[in-house]
Amino acid sequence: MVDIPVLETARLILRGMVKSDFPAFAAVWQEPEVMRFIGRQARPVAESWGVFLKIAGSWAIDGFGQWAITRKSDGAFLGQCGFFTGMRGLGPDFDEAPECGWVLTTTAQGQGYGPEAVMAAHGWFDAQACGGHSVAMIELGHVASFRVAERLGYLPLREVEDLGDRVMLMARRVGR
């Protein structure tokens, strides 16, 4: 069993995912507004289950991973954020670094939860031995995600095509 750190912000708790999170997790990946900038089509439940298990495995293999984002006031599952090893085949400058990603359910968007959660995740990550350098991939046109990335210090690497979409590869380096 891996100890996944619990992070707390003013309004959120970031914690390891548990099996009972899966229905809400899968539902987020079915929302058209969520998928608009992430692959365009709803993710099948079976595929979501594989990703859910991959998140759990990331903590065991890499020592970092993604957290469930939950709201303190009612415990609602709002989405996920954190780090993973993507191995996307986009070049060593991208593939060899931990990749950061974040996704929020439509009802949680536009309320500042994304930046709050992702900043907490980076605070933890930067303090780890593996921390300090990470990458992110954002589809062109996803203004809100670009704002979050820029706020955290991500800078453009290059524009590429990934799964039929034009995306910007970004990198963040934190001095140690």
# chains A, B, ... in the order shown; residues from 1 in each chain; ligands from 1

$ residues_around --residues "Val148 (chain A)" --least-positions-apart "3" --cutoff "6 Å" --atoms "only C-alpha atoms" --output "PDB file with N, CA and C atoms, in the first residue's frame"
ATOM      1  N   PRO A 115      -7.045  26.473 -10.292  1.00  0.00           N
ATOM      2  CA  PRO A 115      -5.773  27.028  -9.833  1.00  0.00           C
ATOM      3  C   PRO A 115      -5.463  26.673  -8.379  1.00  0.00           C
ATOM      4  N   SER A 145      -7.086  26.822 -19.145  1.00  0.00           N
ATOM      5  CA  SER A 145      -5.933  25.989 -18.784  1.00  0.00           C
ATOM      6  C   SER A 145      -4.617  26.700 -19.050  1.00  0.00           C
ATOM      7  N   ARG A 151       0.300  30.844 -14.807  1.00  0.00           N
ATOM      8  CA  ARG A 151       0.373  31.265 -13.401  1.00  0.00           C
ATOM      9  C   ARG A 151       1.381  30.425 -12.616  1.00  0.00           C
TER      10      ARG A 151
END

$ residues_around --residues "Thr106 (chain A)" --least-positions-apart "2" --cutoff "8 Å" --atoms "only C-alpha atoms" --output "ChimeraX atom specification"
/A:28,31,33-34,104,108-109

$ atom_distance --atom1 "CA of Pro92 (chain A)" --atom2 "CA of Gln41 (chain A)"
28.3 Å

$ select_by_dssp --residues "region 20-94 of chain A" --states "strand (DSSP E)" --output "ChimeraX atom specification"
/A:66-71,77-84

$ write_last_selection --atoms "N, CA and C atoms" --output "short mmCIF file (atom, residue, chain, number, x, y, z; two decimals), in the first residue's frame"
data_model
loop_
_atom_site.label_atom_id
_atom_site.label_comp_id
_atom_site.auth_asym_id
_atom_site.auth_seq_id
_atom_site.Cartn_x
_atom_site.Cartn_y
_atom_site.Cartn_z
N GLN A 66 -1.90 11.50 -9.38
CA GLN A 66 -2.99 12.46 -9.39
C GLN A 66 -3.88 12.26 -8.17
N TRP A 67 -4.44 13.35 -7.73
CA TRP A 67 -5.33 13.35 -6.58
C TRP A 67 -6.77 13.55 -7.04
N ALA A 68 -7.69 13.06 -6.23
CA ALA A 68 -9.09 13.44 -6.36
C ALA A 68 -9.21 14.83 -5.75
N ILE A 69 -9.88 15.73 -6.44
CA ILE A 69 -10.15 17.06 -5.90
C ILE A 69 -11.54 17.01 -5.30
N THR A 70 -11.63 17.25 -4.00
CA THR A 70 -12.93 17.25 -3.35
C THR A 70 -13.15 18.57 -2.63
N ARG A 71 -14.41 18.98 -2.58
CA ARG A 71 -14.76 20.24 -1.92
C ARG A 71 -14.93 19.98 -0.43
N PHE A 77 -16.89 15.31 -5.26
CA PHE A 77 -15.79 15.03 -6.18
C PHE A 77 -15.87 16.06 -7.30
N LEU A 78 -14.82 16.89 -7.45
CA LEU A 78 -14.82 17.96 -8.44
C LEU A 78 -13.95 17.64 -9.65
N GLY A 79 -13.04 16.68 -9.52
CA GLY A 79 -12.15 16.37 -10.62
C GLY A 79 -10.86 15.77 -10.13
N GLN A 80 -9.81 15.98 -10.90
CA GLN A 80 -8.51 15.40 -10.58
C GLN A 80 -7.41 16.35 -10.99
N CYS A 81 -6.27 16.24 -10.32
CA CYS A 81 -5.08 16.98 -10.73
C CYS A 81 -3.87 16.28 -10.15
N GLY A 82 -2.74 16.56 -10.75
CA GLY A 82 -1.50 15.99 -10.27
C GLY A 82 -0.58 15.63 -11.42
N PHE A 83 0.27 14.66 -11.16
CA PHE A 83 1.38 14.34 -12.06
C PHE A 83 1.32 12.88 -12.48
N PHE A 84 1.87 12.62 -13.66
CA PHE A 84 1.91 11.26 -14.18
C PHE A 84 3.01 11.17 -15.22
#

$ residues_around --residues "Trp49 (chain A)" --least-positions-apart "2" --cutoff "12 Å" --atoms "only C-alpha atoms" --output "VMD selection string"
chain A and resid 19 21 to 27 29 43 to 47 51 to 56

$ write_last_selection --atoms "C-alpha atoms" --output "PDB file, in the first residue's frame"
ATOM      1  CA  LYS A  19     -13.079   2.974  -5.574  1.00  0.00           C
ATOM      2  CA  ASP A  21     -14.909   7.878  -6.539  1.00  0.00           C
ATOM      3  CA  PHE A  22     -15.109   5.959  -9.795  1.00  0.00           C
ATOM      4  CA  PRO A  23     -18.712   6.783 -10.808  1.00  0.00           C
ATOM      5  CA  ALA A  24     -18.047  10.526 -10.405  1.00  0.00           C
ATOM      6  CA  PHE A  25     -14.622  10.182 -12.084  1.00  0.00           C
ATOM      7  CA  ALA A  26     -16.154   8.394 -15.094  1.00  0.00           C
ATOM      8  CA  ALA A  27     -18.996  10.936 -15.281  1.00  0.00           C
ATOM      9  CA  TRP A  29     -14.985  12.201 -18.616  1.00  0.00           C
ATOM     10  CA  ARG A  43     -14.474   8.526 -22.741  1.00  0.00           C
ATOM     11  CA  PRO A  44     -16.088   5.079 -22.520  1.00  0.00           C
ATOM     12  CA  VAL A  45     -16.543   3.837 -18.946  1.00  0.00           C
ATOM     13  CA  ALA A  46     -14.240   0.853 -19.561  1.00  0.00           C
ATOM     14  CA  GLU A  47     -11.479   3.202 -20.714  1.00  0.00           C
ATOM     15  CA  VAL A  51      -7.157   5.339 -16.467  1.00  0.00           C
ATOM     16  CA  PHE A  52      -8.466   5.204 -12.890  1.00  0.00           C
ATOM     17  CA  LEU A  53      -6.260   2.164 -12.229  1.00  0.00           C
ATOM     18  CA  LYS A  54      -3.316   3.852 -13.943  1.00  0.00           C
ATOM     19  CA  ILE A  55      -3.639   6.753 -11.509  1.00  0.00           C
ATOM     20  CA  ALA A  56      -3.403   4.349  -8.574  1.00  0.00           C
TER      21      ALA A  56
END

$ residues_around --residues "Met170 (chain A)" --least-positions-apart "5" --cutoff "7 Å" --atoms "only C-alpha atoms" --output "list in words"
Val135, Ala136, Met137, Tyr154, Leu155, Pro156 and Leu157 of chain A

$ write_last_selection --atoms "C-alpha atoms" --output "PDB file, in the first residue's frame"
ATOM      1  CA  VAL A 135       5.598  19.443 -18.387  1.00  0.00           C
ATOM      2  CA  ALA A 136       2.022  19.999 -19.491  1.00  0.00           C
ATOM      3  CA  MET A 137       0.089  19.642 -22.723  1.00  0.00           C
ATOM      4  CA  TYR A 154       4.921  26.880 -17.502  1.00  0.00           C
ATOM      5  CA  LEU A 155       6.482  28.189 -20.702  1.00  0.00           C
ATOM      6  CA  PRO A 156       5.826  27.030 -24.276  1.00  0.00           C
ATOM      7  CA  LEU A 157       8.130  24.351 -25.708  1.00  0.00           C
TER       8      LEU A 157
END

$ closest_residue --among "A:Gly110, A:Arg36, A:Ala127, A:Ala144" --to "Phe64 (chain A)" --atoms "only C-alpha atoms"
A:Ala127

$ select_by_dssp --residues "chain A" --states "alpha helix (DSSP H)" --output "VMD selection string"
chain A and resid 22 to 28 32 to 35 45 to 62 92 to 95 113 to 126 143 to 151

$ closest_residue --among "A:Arg166, A:Thr105, A:Gly131, A:Glu159" --to "Met35 (chain A)" --atoms "only C-alpha atoms"
A:Thr105

$ atom_distance --atom1 "CA of Ile4 (chain A)" --atom2 "CA of Ser20 (chain A)"
16.5 Å

$ residues_around --residues "Thr85 (chain A)" --least-positions-apart "3" --cutoff "9 Å" --atoms "only C-alpha atoms" --output "ChimeraX atom specification"
/A:58,62,65,88,95-100

$ write_last_selection --atoms "N, CA and C atoms" --output "mmCIF file, in the first residue's frame"
data_model
loop_
_atom_site.group_PDB
_atom_site.id
_atom_site.type_symbol
_atom_site.label_atom_id
_atom_site.label_comp_id
_atom_site.auth_asym_id
_atom_site.auth_seq_id
_atom_site.Cartn_x
_atom_site.Cartn_y
_atom_site.Cartn_z
ATOM 1 N N SER A 58 0.405 4.819 -10.676
ATOM 2 C CA SER A 58 1.418 5.863 -10.775
ATOM 3 C C SER A 58 2.035 6.161 -9.417
ATOM 4 N N ASP A 62 5.877 5.534 -9.538
ATOM 5 C CA ASP A 62 6.649 6.771 -9.663
ATOM 6 C C ASP A 62 6.832 7.543 -8.362
ATOM 7 N N GLY A 65 1.550 11.163 -8.389
ATOM 8 C CA GLY A 65 0.357 10.784 -9.131
ATOM 9 C C GLY A 65 -0.673 11.888 -9.112
ATOM 10 N N ARG A 88 4.162 9.776 -24.148
ATOM 11 C CA ARG A 88 3.330 10.052 -25.317
ATOM 12 C C ARG A 88 4.089 9.946 -26.642
ATOM 13 N N ASP A 95 8.665 13.716 -22.809
ATOM 14 C CA ASP A 95 8.312 12.403 -22.260
ATOM 15 C C ASP A 95 9.075 12.018 -20.998
ATOM 16 N N GLU A 96 10.269 12.538 -20.823
ATOM 17 C CA GLU A 96 11.082 12.116 -19.674
ATOM 18 C C GLU A 96 10.791 12.908 -18.405
ATOM 19 N N ALA A 97 9.929 13.886 -18.481
ATOM 20 C CA ALA A 97 9.578 14.688 -17.302
ATOM 21 C C ALA A 97 8.193 14.296 -16.808
ATOM 22 N N PRO A 98 7.939 14.428 -15.510
ATOM 23 C CA PRO A 98 6.567 14.218 -15.020
ATOM 24 C C PRO A 98 5.630 15.220 -15.701
ATOM 25 N N GLU A 99 4.482 14.729 -16.119
ATOM 26 C CA GLU A 99 3.495 15.577 -16.776
ATOM 27 C C GLU A 99 2.403 15.948 -15.782
ATOM 28 N N CYS A 100 2.040 17.201 -15.772
ATOM 29 C CA CYS A 100 0.955 17.660 -14.912
ATOM 30 C C CYS A 100 -0.323 17.757 -15.729
#

$ atom_distance --atom1 "CA of Val2 (chain A)" --atom2 "CA of Trp59 (chain A)"
6.8 Å

$ closest_residue --among "A:Ala60, A:Gly89, A:Trp124, A:Pro32" --to "Val6 (chain A)" --atoms "only C-alpha atoms"
A:Trp124

$ residues_around --residues "Ala129 (chain A)" --least-positions-apart "3" --cutoff "10 Å" --atoms "only C-alpha atoms" --output "ChimeraX atom specification"
/A:63,125-126,132,176

$ residues_around --residues "Ile38 (chain A)" --least-positions-apart "5" --cutoff "9 Å" --atoms "only C-alpha atoms" --output "MDAnalysis selection string"
chainID A and resid 138:139 165

$ write_last_selection --atoms "N, CA and C atoms" --output "compact mmCIF listing (two decimals), in the first residue's frame"
# COMPACT_ATOMS: atom_id res chain seq x y z
N ILE A 138 -1.51 21.32 -23.45
CA ILE A 138 -2.80 22.00 -23.45
C ILE A 138 -3.23 22.23 -24.89
N GLU A 139 -4.48 21.88 -25.17
CA GLU A 139 -5.00 22.08 -26.52
C GLU A 139 -5.12 23.57 -26.80
N ASP A 165 -5.43 16.66 -32.53
CA ASP A 165 -5.63 18.02 -32.03
C ASP A 165 -4.30 18.77 -31.99

$ closest_residue --among "A:Met168, A:Cys130, A:Ala149, A:Val18" --to "Gly101 (chain A)" --atoms "only C-alpha atoms"
A:Ala149

$ decode --residues "region 74-94 of chain A" --atoms "C-alpha atoms" --output "tab-separated table (two decimals), in the first residue's frame"
chain	number	residue	atom	x	y	z
A	74	ASP	CA	-19.68	18.86	1.13
A	75	GLY	CA	-17.06	16.27	0.04
A	76	ALA	CA	-18.17	16.51	-3.60
A	77	PHE	CA	-15.79	15.03	-6.18
A	78	LEU	CA	-14.82	17.96	-8.44
A	79	GLY	CA	-12.15	16.37	-10.62
A	80	GLN	CA	-8.51	15.40	-10.58
A	81	CYS	CA	-5.08	16.98	-10.73
A	82	GLY	CA	-1.50	15.99	-10.27
A	83	PHE	CA	1.38	14.34	-12.06
A	84	PHE	CA	1.91	11.26	-14.18
A	85	THR	CA	4.33	9.70	-16.65
A	86	GLY	CA	2.62	10.05	-20.03
A	87	MET	CA	5.14	8.43	-22.39
A	88	ARG	CA	3.33	10.05	-25.32
A	89	GLY	CA	6.19	9.72	-27.82
A	90	LEU	CA	6.59	13.49	-28.15
A	91	GLY	CA	10.33	13.61	-27.57
A	92	PRO	CA	12.65	13.18	-24.59
A	93	ASP	CA	12.33	16.84	-23.54
A	94	PHE	CA	8.65	16.15	-22.90
